[in-house]
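Text of the file target-v6.txt, holding compact mmCIF, C-alpha atoms:
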# COMPACT_ATOMS: atom_id res chain seq x y z
CA MET A 201 10.96 7.08 -77.21
CA PRO A 202 8.66 8.10 -74.28
CA LYS A 203 9.77 6.63 -70.97
CA ALA A 204 6.36 5.05 -70.26
CA ARG A 205 6.43 3.18 -73.59
CA LEU A 206 10.04 2.12 -73.04
CA TYR A 207 9.12 0.46 -69.74
CA MET A 208 6.05 -1.29 -71.21
CA GLU A 209 8.19 -3.08 -73.82
CA ARG A 210 9.17 -6.61 -72.85
CA LYS A 211 12.70 -6.63 -71.41
CA LYS A 212 15.09 -9.54 -71.11
CA LEU A 213 16.62 -9.61 -67.64
CA CYS A 214 19.62 -11.91 -67.20
CA LEU A 215 20.42 -12.82 -63.59
CA VAL A 216 23.87 -14.35 -63.12
CA ILE A 217 25.05 -16.12 -59.98
CA PRO A 218 27.61 -18.90 -59.35
CA SER A 219 25.11 -21.14 -57.56
CA LEU A 220 21.68 -21.19 -55.96
CA GLN A 221 22.64 -23.24 -52.91
CA ALA A 222 21.45 -22.33 -49.42
CA GLY A 223 22.99 -19.00 -48.43
CA GLY A 224 22.38 -15.29 -48.01
CA MET A 225 23.46 -14.16 -51.48
CA GLU A 226 21.49 -16.97 -53.08
CA ARG A 227 18.40 -16.20 -51.02
CA VAL A 228 18.42 -12.58 -52.19
CA MET A 229 18.66 -13.69 -55.81
CA SER A 230 15.82 -16.15 -55.30
CA GLU A 231 13.64 -13.43 -53.78
CA LEU A 232 14.26 -11.17 -56.76
CA ILE A 233 13.51 -14.03 -59.16
CA GLN A 234 10.21 -14.80 -57.44
CA TYR A 235 9.15 -11.15 -57.50
CA TYR A 236 10.13 -10.49 -61.11
CA SER A 237 8.49 -13.70 -62.34
CA PHE A 238 5.09 -12.03 -61.91
CA LYS A 239 6.00 -9.09 -64.16
CA LYS A 240 4.59 -9.67 -67.63
CA ASN A 241 6.97 -7.18 -69.22
CA LEU A 242 10.05 -9.14 -68.12
CA GLU A 243 11.55 -12.25 -69.67
CA LEU A 244 13.72 -13.81 -66.97
CA HIS A 245 16.92 -15.74 -67.57
CA LEU A 246 18.93 -17.31 -64.72
CA VAL A 247 22.52 -18.34 -65.44
CA ILE A 248 24.29 -20.63 -62.94
CA TYR A 249 27.90 -21.54 -63.69
CA ASP A 250 29.82 -22.75 -60.60
CA ASN A 251 31.04 -26.34 -60.25
CA VAL A 252 28.18 -27.09 -57.81
CA ARG A 253 24.88 -26.57 -59.61
CA ASP A 254 22.33 -27.80 -57.08
CA ILE A 255 19.34 -25.46 -56.87
CA PHE A 256 18.18 -25.14 -53.26
CA TYR A 257 15.65 -22.33 -53.67
CA PRO A 258 12.52 -22.76 -55.81
CA VAL A 259 12.63 -21.24 -59.29
CA PRO A 260 9.34 -20.48 -61.09
CA GLU A 261 8.71 -22.45 -64.27
CA SER A 262 8.53 -19.25 -66.30
CA VAL A 263 12.23 -18.55 -65.59
CA LEU A 264 14.64 -19.84 -68.24
CA VAL A 265 17.53 -21.54 -66.41
CA HIS A 266 20.90 -21.93 -68.13
CA LEU A 267 23.48 -24.41 -66.78
CA PRO A 268 26.83 -25.45 -68.30
CA PRO A 269 26.30 -28.60 -70.41
CA PHE A 270 29.51 -30.09 -69.01
CA PRO A 271 30.74 -31.06 -65.52
CA PHE A 272 33.44 -28.97 -63.88
CA ASN A 273 36.52 -31.18 -63.73
CA ASN A 274 38.59 -30.21 -60.67
CA SER A 275 41.52 -32.25 -61.91
CA ALA A 276 41.62 -30.02 -64.98
CA ARG A 277 40.61 -26.71 -63.44
CA THR A 278 42.24 -24.47 -66.02
CA ILE A 279 40.44 -26.11 -68.91
CA SER A 280 37.13 -26.24 -67.01
CA THR A 281 37.46 -22.56 -66.05
CA PHE A 282 38.12 -21.58 -69.65
CA ARG A 283 35.13 -23.63 -70.82
CA THR A 284 32.97 -21.88 -68.22
CA LEU A 285 34.11 -18.47 -69.47
CA LEU A 286 33.11 -19.48 -73.00
CA PHE A 287 29.79 -20.87 -71.72
CA LEU A 288 28.93 -17.56 -70.06
CA ARG A 289 29.83 -15.55 -73.13
CA LYS A 290 27.97 -17.83 -75.54
CA THR A 291 24.89 -17.98 -73.30
CA VAL A 292 24.63 -14.21 -72.90
CA LYS A 293 25.09 -13.69 -76.64
CA SER A 294 22.24 -16.11 -77.31
CA ILE A 295 19.95 -14.39 -74.79
CA LYS A 296 20.70 -10.84 -76.02
CA PRO A 297 19.58 -9.39 -72.66
CA SER A 298 18.41 -5.85 -72.04
CA THR A 299 20.53 -5.89 -68.89
CA ILE A 300 22.58 -8.26 -66.74
CA LEU A 301 22.75 -8.46 -62.94
CA SER A 302 25.66 -10.41 -61.42
CA PHE A 303 26.15 -11.36 -57.75
CA GLY A 304 29.33 -12.49 -56.01
CA GLU A 305 32.52 -10.74 -54.89
CA PHE A 306 34.74 -13.57 -56.13
CA TRP A 307 32.73 -14.01 -59.31
CA ASN A 308 31.83 -10.58 -60.69
CA SER A 309 35.30 -10.21 -62.19
CA PHE A 310 34.88 -13.61 -63.84
CA VAL A 311 31.57 -12.51 -65.36
CA LEU A 312 32.95 -9.15 -66.52
CA LEU A 313 35.97 -10.85 -68.06
CA SER A 314 33.83 -13.36 -69.94
CA LEU A 315 31.61 -10.61 -71.38
CA LEU A 316 34.28 -8.10 -72.40
CA GLY A 317 33.40 -6.38 -75.66
CA LEU A 318 29.74 -7.44 -75.70
CA PRO A 319 27.16 -4.62 -75.98
CA TYR A 320 25.07 -5.66 -72.96
CA PRO A 321 25.12 -3.58 -69.75
CA VAL A 322 26.43 -5.51 -66.73
CA PHE A 323 25.51 -4.44 -63.20
CA ILE A 324 27.40 -6.08 -60.34
CA SER A 325 27.00 -6.42 -56.61
CA ASP A 326 29.39 -7.78 -54.00
CA ARG A 327 27.70 -9.57 -51.11
CA CYS A 328 30.38 -9.26 -48.44
CA SER A 329 32.05 -6.83 -46.08
CA PRO A 330 33.73 -4.00 -48.05
CA GLU A 331 36.89 -4.69 -46.04
CA LYS A 332 37.11 -8.31 -47.12
CA LYS A 333 40.66 -9.20 -48.16
CA PHE A 334 41.37 -10.70 -51.59
CA ASN A 335 44.50 -12.28 -52.95
CA THR A 336 46.71 -10.36 -55.36
CA LEU A 337 45.09 -11.76 -58.51
CA HIS A 338 41.52 -11.11 -57.36
CA SER A 339 42.39 -7.60 -56.21
CA LEU A 340 44.00 -6.82 -59.57
CA LEU A 341 41.06 -8.21 -61.54
CA ARG A 342 38.60 -6.19 -59.46
CA ARG A 343 40.53 -2.96 -59.98
CA LEU A 344 40.75 -3.57 -63.74
CA LEU A 345 37.28 -4.96 -64.40
CA TYR A 346 34.86 -3.36 -61.92
CA PRO A 347 35.15 0.07 -63.60
CA LYS A 348 33.97 -1.58 -66.84
CA SER A 349 30.60 -2.50 -65.33
CA LYS A 350 27.60 -0.33 -66.15
CA GLY A 351 26.89 0.13 -62.46
CA ILE A 352 27.69 -1.18 -58.99
CA ILE A 353 25.13 -1.99 -56.31
CA ALA A 354 26.40 -1.45 -52.77
CA GLN A 355 24.54 -2.91 -49.82
CA THR A 356 25.58 -0.19 -47.36
CA LYS A 357 26.88 3.37 -47.33
CA MET A 358 30.24 2.10 -46.12
CA ALA A 359 30.45 -0.21 -49.13
CA LYS A 360 29.62 2.65 -51.48
CA ASP A 361 32.33 4.83 -49.98
CA TYR A 362 34.81 1.98 -50.47
CA TYR A 363 33.88 1.47 -54.11
CA LEU A 364 34.17 5.19 -54.79
CA ARG A 365 37.71 5.20 -53.40
CA PHE A 366 39.00 2.02 -54.99
CA PHE A 367 37.12 1.72 -58.27
CA HIS A 368 36.35 5.39 -59.03
CA HIS A 369 33.03 4.32 -60.51
CA LYS A 370 30.49 7.09 -61.04
CA ASN A 371 27.38 4.92 -61.11
CA ILE A 372 26.97 3.36 -57.66
CA ARG A 373 23.63 2.85 -55.91
CA ILE A 374 23.01 1.74 -52.31
CA ILE A 375 20.32 -0.94 -52.23
CA GLY A 376 19.83 -3.14 -49.18
CA ASN A 377 18.62 -6.72 -49.27
CA PRO A 378 14.95 -7.64 -49.45
CA ILE A 379 13.75 -9.02 -46.15
CA ARG A 380 11.07 -11.66 -46.16
CA ILE A 381 8.00 -11.07 -44.03
CA ILE A 382 7.82 -13.76 -41.36
CA SER A 383 4.71 -13.25 -39.27
CA PRO A 384 5.77 -13.42 -35.60
CA LYS A 385 4.07 -15.45 -32.92
CA LYS A 386 2.98 -13.98 -29.62
CA GLU A 387 5.55 -14.15 -26.82
CA ASN A 388 3.57 -16.76 -24.89
CA GLU A 389 3.50 -19.02 -27.99
CA LYS A 390 7.27 -19.05 -28.30
CA GLU A 391 9.88 -21.20 -26.58
CA ASN A 392 12.88 -20.11 -24.52
CA ILE A 393 15.26 -20.32 -27.47
CA VAL A 394 18.25 -18.20 -28.38
CA LEU A 395 18.71 -18.64 -32.11
CA MET A 396 21.57 -18.10 -34.54
CA VAL A 397 21.28 -18.77 -38.27
CA GLY A 398 24.35 -18.81 -40.49
CA ARG A 399 26.85 -21.04 -42.27
CA TYR A 400 29.36 -22.72 -40.00
CA ILE A 401 32.49 -20.72 -40.79
CA ASN A 402 35.22 -19.19 -38.64
CA THR A 403 34.03 -15.58 -38.91
CA LYS A 404 30.58 -16.46 -37.53
CA ASN A 405 32.12 -17.59 -34.19
CA GLN A 406 29.42 -20.10 -33.30
CA ASP A 407 31.94 -21.80 -30.99
CA LYS A 408 32.28 -18.68 -28.86
CA LEU A 409 28.52 -18.25 -28.75
CA ILE A 410 28.09 -21.78 -27.42
CA ASP A 411 30.60 -21.22 -24.61
CA LEU A 412 29.15 -17.81 -23.83
CA PHE A 413 25.60 -19.19 -23.65
CA LEU A 414 26.57 -22.14 -21.47
CA ASP A 415 28.56 -19.91 -19.11
CA LEU A 416 25.43 -17.83 -18.49
CA ASP A 417 23.75 -21.04 -17.25
CA ILE A 418 20.21 -19.65 -17.27
CA LYS A 419 17.83 -22.52 -16.65
CA GLY A 420 15.09 -23.39 -19.10
CA TRP A 421 16.76 -21.91 -22.18
CA LYS A 422 18.21 -23.56 -25.29
CA LEU A 423 20.61 -22.37 -27.96
CA ILE A 424 19.81 -23.48 -31.51
CA LEU A 425 22.31 -23.05 -34.34
CA VAL A 426 20.86 -23.42 -37.83
CA GLY A 427 23.56 -23.84 -40.46
CA TYR A 428 26.00 -26.14 -42.17
CA ASP A 429 29.72 -26.47 -42.91
CA HIS A 430 31.08 -24.20 -45.61
CA LEU A 431 34.46 -23.32 -47.14
CA LYS A 432 35.81 -26.75 -46.10
CA GLN A 433 36.41 -25.50 -42.55
CA ASN A 434 34.64 -28.42 -40.81
CA ILE A 435 33.34 -26.17 -38.05
CA SER A 436 30.54 -28.58 -37.10
CA ASN A 437 33.09 -31.03 -35.70
CA LYS A 438 34.52 -28.27 -33.52
CA LEU A 439 31.04 -27.33 -32.30
CA GLU A 440 30.17 -30.95 -31.53
CA GLU A 441 33.38 -31.27 -29.50
CA ILE A 442 32.40 -28.27 -27.35
CA ILE A 443 28.91 -29.68 -26.80
CA ASN A 444 30.33 -33.10 -25.86
CA ARG A 445 32.99 -31.64 -23.57
CA ARG A 446 30.43 -29.53 -21.72
CA ASN A 447 27.75 -32.24 -21.70
CA ALA A 448 25.28 -29.81 -23.27
CA HIS A 449 23.29 -31.91 -25.74
CA ASP A 450 20.04 -30.93 -24.05
CA ARG A 451 20.89 -27.20 -24.13
CA VAL A 452 22.65 -26.67 -27.48
CA ILE A 453 21.27 -28.02 -30.75
CA LEU A 454 22.94 -28.06 -34.16
CA THR A 455 20.25 -28.47 -36.80
CA GLY A 456 22.32 -28.71 -39.98
CA LYS A 457 20.92 -27.31 -43.23
CA GLN A 458 17.22 -26.49 -42.98
CA ALA A 459 14.75 -25.68 -45.76
CA ASP A 460 12.19 -24.36 -43.26
CA VAL A 461 14.17 -21.78 -41.31
CA ASP A 462 11.03 -19.73 -40.65
CA SER A 463 9.75 -22.22 -38.09
CA TYR A 464 12.91 -21.64 -36.03
CA TYR A 465 12.49 -17.86 -36.20
CA ARG A 466 8.88 -18.18 -35.05
CA ARG A 467 9.70 -20.53 -32.16
CA SER A 468 12.56 -18.45 -30.79
CA LYS A 469 12.63 -15.40 -28.51
CA ILE A 470 16.10 -13.94 -29.16
CA PHE A 471 18.46 -13.78 -32.12
CA ALA A 472 22.17 -13.78 -31.21
CA PHE A 473 24.68 -13.06 -33.98
CA THR A 474 28.41 -13.33 -33.23
CA SER A 475 29.66 -12.79 -36.79
CA VAL A 476 32.58 -10.36 -37.16
CA SER A 477 32.40 -9.83 -40.94
CA GLU A 478 29.27 -9.13 -42.96
CA GLY A 479 27.99 -7.42 -46.07
CA PHE A 480 24.29 -7.17 -45.35
CA PRO A 481 23.18 -9.98 -43.00
CA ASN A 482 19.85 -11.26 -44.29
CA VAL A 483 19.34 -13.42 -41.22
CA ILE A 484 19.27 -10.38 -38.94
CA GLY A 485 16.51 -8.84 -41.03
CA GLU A 486 14.57 -12.08 -41.12
CA ALA A 487 14.83 -12.48 -37.36
CA MET A 488 13.59 -8.92 -36.87
CA SER A 489 10.72 -9.55 -39.26
CA ALA A 490 9.71 -12.47 -37.04
CA GLY A 491 9.69 -10.16 -34.00
CA LEU A 492 13.02 -11.19 -32.47
CA PRO A 493 15.23 -8.67 -30.73
CA VAL A 494 18.77 -8.97 -32.07
CA ILE A 495 22.13 -8.91 -30.30
CA ALA A 496 24.96 -8.50 -32.79
CA PHE A 497 28.50 -7.26 -33.05
CA ASP A 498 28.86 -3.87 -34.70
CA CYS A 499 31.13 -5.28 -37.39
CA ILE A 500 32.17 -3.41 -40.51
CA ALA A 501 29.05 -2.89 -42.63
CA GLY A 502 25.79 -4.74 -42.12
CA PRO A 503 24.35 -5.02 -38.61
CA SER A 504 24.32 -1.26 -38.03
CA GLU A 505 22.14 -0.85 -41.14
CA LEU A 506 19.44 -2.85 -39.35
CA VAL A 507 19.96 -2.81 -35.59
CA ILE A 508 19.35 0.42 -33.66
CA ASP A 509 20.99 -0.02 -30.28
CA ASN A 510 18.50 -0.28 -27.41
CA HIS A 511 15.58 0.24 -29.83
CA ASN A 512 15.17 -3.06 -31.68
CA GLY A 513 18.17 -4.88 -30.22
CA PHE A 514 21.74 -4.33 -29.09
CA LEU A 515 24.86 -3.48 -31.07
CA ILE A 516 27.96 -4.70 -29.26
CA PRO A 517 31.51 -3.39 -29.86
CA LEU A 518 33.35 -5.80 -32.09
CA SER A 519 34.48 -8.99 -30.29
CA ASP A 520 33.47 -7.68 -26.84
CA TYR A 521 32.13 -11.01 -25.61
CA VAL A 522 31.78 -9.78 -22.02
CA GLN A 523 29.29 -7.08 -23.05
CA PHE A 524 27.63 -9.50 -25.45
CA ALA A 525 27.04 -11.93 -22.57
CA ASP A 526 25.77 -9.14 -20.30
CA LYS A 527 23.18 -7.98 -22.84
CA LEU A 528 22.15 -11.55 -23.61
CA ARG A 529 21.61 -12.20 -19.91
CA VAL A 530 19.48 -9.05 -19.55
CA ILE A 531 17.26 -9.84 -22.49
CA MET A 532 16.83 -13.50 -21.54
CA LYS A 533 15.54 -12.48 -18.10
CA ASP A 534 13.45 -9.42 -19.03
CA GLU A 535 10.32 -10.43 -20.96
CA GLY A 536 8.98 -6.87 -21.10
CA LEU A 537 12.17 -5.57 -22.70
CA ARG A 538 12.20 -8.49 -25.13
CA MET A 539 8.66 -7.76 -26.26
CA LYS A 540 9.33 -4.04 -26.69
CA LEU A 541 12.48 -4.59 -28.75
CA GLY A 542 10.71 -7.25 -30.80
CA ARG A 543 7.81 -4.97 -31.69
CA ASN A 544 10.23 -2.26 -32.75
CA ALA A 545 12.16 -4.79 -34.82
CA VAL A 546 9.08 -5.69 -36.87
CA GLU A 547 8.46 -2.04 -37.71
CA SER A 548 12.12 -1.36 -38.49
CA VAL A 549 12.42 -3.82 -41.36
CA LYS A 550 9.35 -2.74 -43.34
CA ARG A 551 11.55 -0.41 -45.42
CA PHE A 552 13.31 -3.52 -46.75
CA SER A 553 10.22 -5.24 -48.16
CA ILE A 554 10.75 -7.25 -51.34
CA LYS A 555 8.55 -4.84 -53.29
CA VAL A 556 10.57 -1.79 -52.27
CA ILE A 557 13.98 -3.39 -52.84
CA ALA A 558 13.14 -5.24 -56.07
CA GLU A 559 11.73 -2.07 -57.63
CA GLU A 560 14.88 -0.17 -56.64
CA TYR A 561 16.92 -2.79 -58.47
CA LEU A 562 14.78 -2.48 -61.58
CA GLU A 563 14.93 1.28 -61.56
CA PHE A 564 18.72 1.14 -61.43
CA ILE A 565 19.51 -1.67 -63.88
CA LEU A 566 16.83 -0.83 -66.46
CA GLY A 567 17.34 2.91 -66.15
CA ARG A 568 13.67 3.67 -65.98

Exercise: express the given structure as structure tokens:
Amino acid sequence: MPKARLYMERKKLCLVIPSLQAGGMERVMSELIQYYSFKKNLELHLVIYDNVRDIFYPVPESVLVHLPPFPFNNSARTISTFRTLLFLRKTVKSIKPSTILSFGEFWNSFVLLSLLGLPYPVFISDRCSPEKKFNTLHSLLRRLLYPKSKGIIAQTKMAKDYYLRFFHHKNIRIIGNPIRIISPKKENEKENIVLMVGRYINTKNQDKLIDLFLDLDIKGWKLILVGYDHLKQNISNKLEEIINRRNAHDRVILTGKQADVDSYYRRSKIFAFTSVSEGFPNVIGEAMSAGLPVIAFDCIAGPSELVIDNHNGFLIPLSDYVQFADKLRVIMKDEGLRMKLGRNAVESVKRFSIKVIAEEYLEFILGR
């Protein structure tokens, strides 16, 4: 069949993700859903199967959403997990998709296991640092099941190299995350705000950023942390304790979960990111899109795909908080440098537009 005719036929695309709560992985999926919903030759199915099924991001009415018809009973996890496996298998069999795209490093193995033996191609993508550690069971499942996928999407070259070594898969494609366009304000319309966006978890190191910022003691500036507790680590309590101890309620603000993050990007002048483990940090790209220079640690995979040192921001050696503070001080005091880095940041992220990235996904998973 001619390739042009093959592409014009209506395809069923099944997007599988544990949840659509607020988060980087979920935001990428929502961006793809929004983009694909306008394609008349695609029938979109979204399958959500985790125990928390709240949908934070908007889903177009044309998308067919599939949720388990039963609650996940934590007191009977084994039975609930088995029922979820059956739900996934039954749902996919009823959809009869042209292709399946699954997100989630802890969940791709679950999806592959549930669909073993079915004739539908499954493409998977981890959304974490390639050096993330897994327990023995997860590591074993990944080694056994990842090679059975039709293809693997890596977010960075480092991730691709890892997958080649550990999974020996021949069909791996590097595709970055789509970055939303957030029109920046002019410098004189912004406020003296250093911004960080990210879930409150240990590896993000928001506590160290607060101390670092307060130690600089540059008058007229605020630090705003947009995020919320995750992984049951209760980091917000720790952050509140630091703010109370240092009497810094007027200089450090914890916003909690925010639906309108864009307004914070537009108001701010600098994006500071103290995370030490990333896959592909969406928030860095979004900040750059809004014209913010970025200071970030050069952690394994992620920031270096976006930040060019001294061009659109600063890459700091991992966990070197002294150099991080030095660069933050420089950029807070030098408006000209801030503006130059911010302009370069806007240009740098254009290669990650939703159109470019979403079409790369389609080309890979539909084989067109």

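Going from CA of Lys432 in chain A to CA of Val228 in chain A covers 23.2 Å.
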
Would you tabulate, counting all atoms listed in the file, all residues of range 208-298 of chain A that have an atom at most 12 Å from an atom of range 374-390 of chain A, showing the closest pair of atoms and their distance in Å to one decimal, sorted by chain then ascending number, as a Markdown table?
| residue | atom | partner | partner_atom | distance |
| --- | --- | --- | --- | --- |
| A:Gly224 | CA | A:Asn377 | CA | 9.4 |
| A:Met225 | CA | A:Asn377 | CA | 9.1 |
| A:Glu226 | CA | A:Asn377 | CA | 11.3 |
| A:Arg227 | CA | A:Pro378 | CA | 9.4 |
| A:Val228 | CA | A:Asn377 | CA | 6.6 |
| A:Met229 | CA | A:Pro378 | CA | 9.5 |
| A:Ser230 | CA | A:Pro378 | CA | 10.4 |
| A:Glu231 | CA | A:Pro378 | CA | 7.3 |
| A:Leu232 | CA | A:Pro378 | CA | 8.1 |
| A:Ile233 | CA | A:Pro378 | CA | 11.7 |
| A:Gln234 | CA | A:Pro378 | CA | 11.7 |
| A:Tyr235 | CA | A:Pro378 | CA | 10.5 |

Quick one: axis-aligned box around all listed atoms of range 305-324 of chain A, 5 Å on every side, centre and edge lengths in Å to one decimal, written as lines of an AutoDock Vina configuration file.
center_x = 30.5
center_y = -8.8
center_z = -65.4
size_x = 20.9
size_y = 20.4
size_z = 31.1

Next item on the list: For a cut-off of 8 Å around (36.7, -7.5, -33.1), file coordinates, pick out all residues using all atoms listed in the file and list them as a ChimeraX atom specification.
Entry: /A:476,499,517-520

Put those residues in a file: C-alpha atoms, as a PDB file, in the coordinates of the input.
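Result file result-v7.pdb:
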ATOM      1  CA  VAL A 476      32.580 -10.360 -37.160  1.00  0.00           C
ATOM      2  CA  CYS A 499      31.130  -5.280 -37.390  1.00  0.00           C
ATOM      3  CA  PRO A 517      31.510  -3.390 -29.860  1.00  0.00           C
ATOM      4  CA  LEU A 518      33.350  -5.800 -32.090  1.00  0.00           C
ATOM      5  CA  SER A 519      34.480  -8.990 -30.290  1.00  0.00           C
ATOM      6  CA  ASP A 520      33.470  -7.680 -26.840  1.00  0.00           C
TER       7      ASP A 520
END

Next item on the list: Please provide the set of residues having any atom within 7 Å of Tyr465 in chain A, restricted to only C-alpha atoms, with same-chain residues fewer than 4 positions apart removed, written as a PyMOL selection string.
Entry: chain A and resi 461+487+490

Those residues with C-alpha atoms, as an mmCIF file, in the coordinates of the input please?
data_model
loop_
_atom_site.group_PDB
_atom_site.id
_atom_site.type_symbol
_atom_site.label_atom_id
_atom_site.label_comp_id
_atom_site.auth_asym_id
_atom_site.auth_seq_id
_atom_site.Cartn_x
_atom_site.Cartn_y
_atom_site.Cartn_z
ATOM 1 C CA VAL A 461 14.170 -21.780 -41.310
ATOM 2 C CA ALA A 487 14.830 -12.480 -37.360
ATOM 3 C CA ALA A 490 9.710 -12.470 -37.040
#

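We find CA of Arg343 in chain A and CA of Phe366 in chain A to be spaced 7.2 Å apart.
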
Got a sec: who's within 7 Å of range 316-327 of chain A, counting only C-alpha atoms, leaving out chain neighbours fewer than 6 positions off, as a short mmCIF file (atom, residue, chain, number, x, y, z; two decimals) with C-alpha atoms, in the frame of the given file?
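Full text of part.cif as output:
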data_model
loop_
_atom_site.label_atom_id
_atom_site.label_comp_id
_atom_site.auth_asym_id
_atom_site.auth_seq_id
_atom_site.Cartn_x
_atom_site.Cartn_y
_atom_site.Cartn_z
CA MET A 225 23.46 -14.16 -51.48
CA PRO A 297 19.58 -9.39 -72.66
CA SER A 298 18.41 -5.85 -72.04
CA THR A 299 20.53 -5.89 -68.89
CA ILE A 300 22.58 -8.26 -66.74
CA LEU A 301 22.75 -8.46 -62.94
CA SER A 302 25.66 -10.41 -61.42
CA PHE A 303 26.15 -11.36 -57.75
CA GLY A 304 29.33 -12.49 -56.01
CA GLU A 305 32.52 -10.74 -54.89
CA ASN A 308 31.83 -10.58 -60.69
CA SER A 349 30.60 -2.50 -65.33
CA LYS A 350 27.60 -0.33 -66.15
CA GLY A 351 26.89 0.13 -62.46
CA ILE A 352 27.69 -1.18 -58.99
CA ILE A 353 25.13 -1.99 -56.31
CA ALA A 354 26.40 -1.45 -52.77
CA GLY A 479 27.99 -7.42 -46.07
CA ILE A 565 19.51 -1.67 -63.88
#

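Taking CA of Leu425 in chain A and CA of Leu412 in chain A as endpoints, the distance between them is 13.6 Å.
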
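Taking only C-alpha atoms, the non-local environment of Tyr346 in chain A within 7 Å (same-chain residues fewer than 4 positions away omitted) comprises Ser309, Arg342 and Phe367 of chain A.
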
Item checked: Spatial neighbours of Ile255 in chain A, 10 Å, only C-alpha atoms, chain gap at least 5 places, as number ranges by chain -> A: 219-222, 226, 248

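For Ser436 in chain A, the residues within 10 Å (counting only C-alpha atoms, excluding itself and residues fewer than 2 positions away along the chain) are A:Arg399, A:Tyr400, A:Ile401, A:Gln406, A:Asp407, A:Gly427, A:Tyr428, A:Asp429, A:His430, A:Gln433, A:Asn434, A:Lys438, A:Leu439, A:Glu440, A:Glu441, A:Ile442, A:Leu454, A:Gly456.
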
Restricting it to C-alpha atoms, dump the selection as a short mmCIF file (atom, residue, chain, number, x, y, z; two decimals), in the frame of the given file.
data_model
loop_
_atom_site.label_atom_id
_atom_site.label_comp_id
_atom_site.auth_asym_id
_atom_site.auth_seq_id
_atom_site.Cartn_x
_atom_site.Cartn_y
_atom_site.Cartn_z
CA ARG A 399 26.85 -21.04 -42.27
CA TYR A 400 29.36 -22.72 -40.00
CA ILE A 401 32.49 -20.72 -40.79
CA GLN A 406 29.42 -20.10 -33.30
CA ASP A 407 31.94 -21.80 -30.99
CA GLY A 427 23.56 -23.84 -40.46
CA TYR A 428 26.00 -26.14 -42.17
CA ASP A 429 29.72 -26.47 -42.91
CA HIS A 430 31.08 -24.20 -45.61
CA GLN A 433 36.41 -25.50 -42.55
CA ASN A 434 34.64 -28.42 -40.81
CA LYS A 438 34.52 -28.27 -33.52
CA LEU A 439 31.04 -27.33 -32.30
CA GLU A 440 30.17 -30.95 -31.53
CA GLU A 441 33.38 -31.27 -29.50
CA ILE A 442 32.40 -28.27 -27.35
CA LEU A 454 22.94 -28.06 -34.16
CA GLY A 456 22.32 -28.71 -39.98
#
